[in-house]
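Asks: Below are the structure tokens for one structure; questions will follow.
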Amino acid sequence: MKVVFIILSLLLTCAVEAQVKMRDVIKQMPDSLVPYLKQNARLDFIDFIDSSMKAEVSNDLGGKSQLMELTDDYASFKLNSSSQIQMRLLDVTEPIDSASQIICMVRTYGDDIRESTIEFYSVQWKLLPLEQRISLPPYMYHITLSSQTPELTLESEMGMDIPANEDQKVLSKTLKSFKWDRESFKIY
């Protein structure tokens with residue numbers, strides 16, 4: 001009886017520590033997060049990547065969307081000419097939804113002026129509190145997730161309301177780098 005209990009305990013421990021892959025995250029992503037890019041289109045992305053083809057599909061808005069990059073823990077999508085999504089799997093100290101990882105999703109909008117939002121999800125796609133994972137400024141910013149490491153860069157521009165001339169449009173540009181410490185992003 002003790003042997004059966006030990007084996008079950010080991011299996012449960014292994015299940016908790018199993019690493020999720022980004023392709024599984026993409027397959028399970030709810031349609032509500034990008035309503036015009038349904039599950040079949042996301043599955044096509046993965047099939048195209050696996051076949052060494054350009055991962056581009058028609059979206060429900062009549063445009064083209066493309067999976068730009070896919071690794072085990074990172075994905076980058078160009079949804080249309082002015083919208084993109086970056087996702088990264090981040091290791092966590094304490095398991096959430098029986099997984100040792102969470103999802104960081106950065107959405108970026110705009111052409112000339114870029115603005116981003118950031119959200120964190122469990123691997124079961126349950127929204128996690130933002131304030132526990134990163135402290136963001138109260139003004140507009142553009143976020144870039146690193147495809148190589150669990151880091152992000154936040155860029156913000158402070159501008160003038162009425163510039164005297166074209167050279168005075170931007171007063172200052174701020175660049176902050178954040179590193180993931182298995183609980184939250186910290187400035188370094």
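In the structure tokens, chains take the letters A, B, ... in the order shown, each chain's residues start at 1, and ligands count up from 1 in the order shown.
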Hey, what's within 12 Å of A:Ala55 if we count only C-alpha atoms and toss same-chain stuff fewer than 6 positions away? As JSON, numbers by chain, please?
Replies: {"A": [41, 42, 43, 44, 45, 46, 47, 48, 49, 64, 65, 66, 67, 68, 69, 70, 75, 76, 77, 78, 79]}
Asks: For the structure I just gave you, how does DSSP split stretch 14-170 of chain A - specifically, which residues are strand (DSSP E)? Reply as a PyMOL selection string.
Replies: chain A and resi 56-58+64-70+74-80+83-96+99-109+115-122+127-128+142-145+151-159+170
Asks: For each of A:Ile187, A:Ile96, A:Ile103, A:Met53, take the minimum atom-to-atom distance to A:Met29, counting only C-alpha atoms, then give the residue where this is smallest.
Replies: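 Comparing A:Ile187, A:Ile96, A:Ile103, A:Met53 against A:Met29, the winner is A:Ile103.
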Asks: Hey, which bits of stretch 32-93 of chain A sit within 8 Å of stretch 135-145 of chain A, and for each residue what's the closest pair of atoms and how far apart in Å (one decimal), counting only C-alpha atoms, rows by chain and increasing number, as a tab-separated table?
Replies:
residue	atom	partner	partner_atom	distance
A:Gln86	CA	A:Leu145	CA	6.6
A:Met87	CA	A:Leu145	CA	7.7
A:Arg88	CA	A:Leu145	CA	7.6
Asks: Now that the selection is made, can you save its residues with N, CA and C atoms as a compact mmCIF listing (two decimals), in the first residue's frame?
Replies:
# COMPACT_ATOMS: atom_id res chain seq x y z
N GLN A 86 2.83 39.42 -28.35
CA GLN A 86 3.98 38.62 -27.94
C GLN A 86 3.57 37.85 -26.69
N MET A 87 3.97 36.59 -26.62
CA MET A 87 3.67 35.77 -25.44
C MET A 87 4.94 35.06 -25.00
N ARG A 88 5.09 34.94 -23.67
CA ARG A 88 6.23 34.23 -23.11
C ARG A 88 5.75 33.41 -21.93
Asks: Quick check, in Å to one decimal: how far apart do atom CA of A:Thr149 and atom CA of A:Asp112 lie?
Replies: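 Pair atom CA of A:Thr149 / atom CA of A:Asp112 returns 26.9 Å.
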Asks: Of the candidates A:Val25, A:Ser98, A:Ser32, A:Leu89, which one gets nearest to A:Asp73 if we count only C-alpha atoms?
Replies: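 Looking only at the distances to A:Asp73, the closest residue turns out to be A:Leu89.
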Asks: Which residue is closest to A:Val123? Choose from A:Ala99, A:Val106, A:Leu154, A:Leu175 and count only C-alpha atoms.
Replies: A:Ala99
Asks: Taking only C-alpha atoms into account, name the residue in A:Ser58, A:Ser116, A:Tyr121, A:Lys186 that is nearest to A:Glu155.
Replies: A:Ser116
Asks: Got a sec to tell me which of chain A DSSP assigns to alpha helix (DSSP H), as a ChimeraX atom specification?
Replies: /A:2-17,22-28,39-50
Asks: Could you dump the residues just selected with N, CA and C atoms as a short mmCIF file (atom, residue, chain, number, x, y, z; two decimals), in the first residue's frame?
Replies:
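Below is the file out39.cif, written as the result:
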data_model
loop_
_atom_site.label_atom_id
_atom_site.label_comp_id
_atom_site.auth_asym_id
_atom_site.auth_seq_id
_atom_site.Cartn_x
_atom_site.Cartn_y
_atom_site.Cartn_z
N LYS A 2 1.96 1.24 0.78
CA LYS A 2 2.86 2.39 0.82
C LYS A 2 3.52 2.60 -0.54
N VAL A 3 3.84 1.53 -1.24
CA VAL A 3 4.48 1.63 -2.55
C VAL A 3 3.55 2.33 -3.54
N VAL A 4 2.28 1.97 -3.52
CA VAL A 4 1.29 2.59 -4.41
C VAL A 4 1.17 4.08 -4.09
N PHE A 5 1.15 4.42 -2.82
CA PHE A 5 1.05 5.83 -2.41
C PHE A 5 2.28 6.62 -2.87
N ILE A 6 3.46 6.04 -2.74
CA ILE A 6 4.69 6.71 -3.16
C ILE A 6 4.69 6.92 -4.67
N ILE A 7 4.28 5.91 -5.42
CA ILE A 7 4.24 6.03 -6.88
C ILE A 7 3.26 7.12 -7.30
N LEU A 8 2.09 7.15 -6.69
CA LEU A 8 1.10 8.19 -7.01
C LEU A 8 1.62 9.57 -6.66
N SER A 9 2.29 9.69 -5.53
CA SER A 9 2.87 10.97 -5.14
C SER A 9 3.91 11.44 -6.15
N LEU A 10 4.76 10.53 -6.59
CA LEU A 10 5.78 10.88 -7.59
C LEU A 10 5.14 11.30 -8.91
N LEU A 11 4.09 10.60 -9.34
CA LEU A 11 3.40 10.96 -10.57
C LEU A 11 2.77 12.33 -10.48
N LEU A 12 2.16 12.63 -9.34
CA LEU A 12 1.56 13.95 -9.15
C LEU A 12 2.61 15.04 -9.13
N THR A 13 3.74 14.78 -8.50
CA THR A 13 4.83 15.75 -8.47
C THR A 13 5.35 16.01 -9.88
N CYS A 14 5.52 14.96 -10.65
CA CYS A 14 5.99 15.12 -12.03
C CYS A 14 4.97 15.90 -12.86
N ALA A 15 3.68 15.65 -12.64
CA ALA A 15 2.64 16.36 -13.38
C ALA A 15 2.67 17.85 -13.06
N VAL A 16 2.91 18.19 -11.78
CA VAL A 16 2.97 19.59 -11.38
C VAL A 16 4.17 20.28 -12.03
N GLU A 17 5.28 19.57 -12.13
CA GLU A 17 6.50 20.17 -12.63
C GLU A 17 6.66 20.06 -14.15
N MET A 22 4.91 26.38 -25.70
CA MET A 22 4.15 27.48 -26.27
C MET A 22 3.13 27.00 -27.30
N ARG A 23 3.46 25.99 -28.06
CA ARG A 23 2.49 25.49 -29.04
C ARG A 23 1.22 24.98 -28.36
N ASP A 24 1.34 24.40 -27.15
CA ASP A 24 0.15 23.98 -26.40
C ASP A 24 -0.65 25.18 -25.92
N VAL A 25 0.05 26.23 -25.51
CA VAL A 25 -0.59 27.46 -25.07
C VAL A 25 -1.41 28.06 -26.21
N ILE A 26 -0.83 28.09 -27.41
CA ILE A 26 -1.51 28.64 -28.57
C ILE A 26 -2.75 27.81 -28.92
N LYS A 27 -2.63 26.49 -28.85
CA LYS A 27 -3.76 25.61 -29.16
C LYS A 27 -4.92 25.82 -28.20
N GLN A 28 -4.61 26.07 -26.92
CA GLN A 28 -5.64 26.18 -25.89
C GLN A 28 -6.11 27.61 -25.65
N GLN A 39 -9.46 29.19 -33.32
CA GLN A 39 -8.56 28.08 -33.02
C GLN A 39 -8.03 27.40 -34.29
N ASN A 40 -8.87 27.22 -35.30
CA ASN A 40 -8.39 26.56 -36.52
C ASN A 40 -7.25 27.35 -37.17
N ALA A 41 -7.35 28.66 -37.15
CA ALA A 41 -6.29 29.50 -37.71
C ALA A 41 -5.01 29.34 -36.89
N ARG A 42 -5.14 29.30 -35.56
CA ARG A 42 -3.97 29.13 -34.71
C ARG A 42 -3.33 27.76 -34.91
N LEU A 43 -4.15 26.73 -35.12
CA LEU A 43 -3.62 25.39 -35.41
C LEU A 43 -2.90 25.38 -36.76
N ASP A 44 -3.44 26.14 -37.73
CA ASP A 44 -2.78 26.26 -39.04
C ASP A 44 -1.40 26.89 -38.88
N PHE A 45 -1.29 27.91 -38.02
CA PHE A 45 0.02 28.52 -37.76
C PHE A 45 1.05 27.45 -37.41
N ILE A 46 0.68 26.60 -36.46
CA ILE A 46 1.61 25.57 -35.97
C ILE A 46 1.93 24.57 -37.07
N ASP A 47 0.90 24.16 -37.85
CA ASP A 47 1.14 23.23 -38.96
C ASP A 47 2.10 23.84 -39.98
N PHE A 48 1.92 25.13 -40.30
CA PHE A 48 2.79 25.79 -41.27
C PHE A 48 4.24 25.85 -40.75
N ILE A 49 4.38 26.20 -39.47
CA ILE A 49 5.73 26.26 -38.87
C ILE A 49 6.38 24.88 -38.92
N ASP A 50 5.61 23.83 -38.56
CA ASP A 50 6.15 22.47 -38.58
C ASP A 50 6.54 22.02 -39.98
#
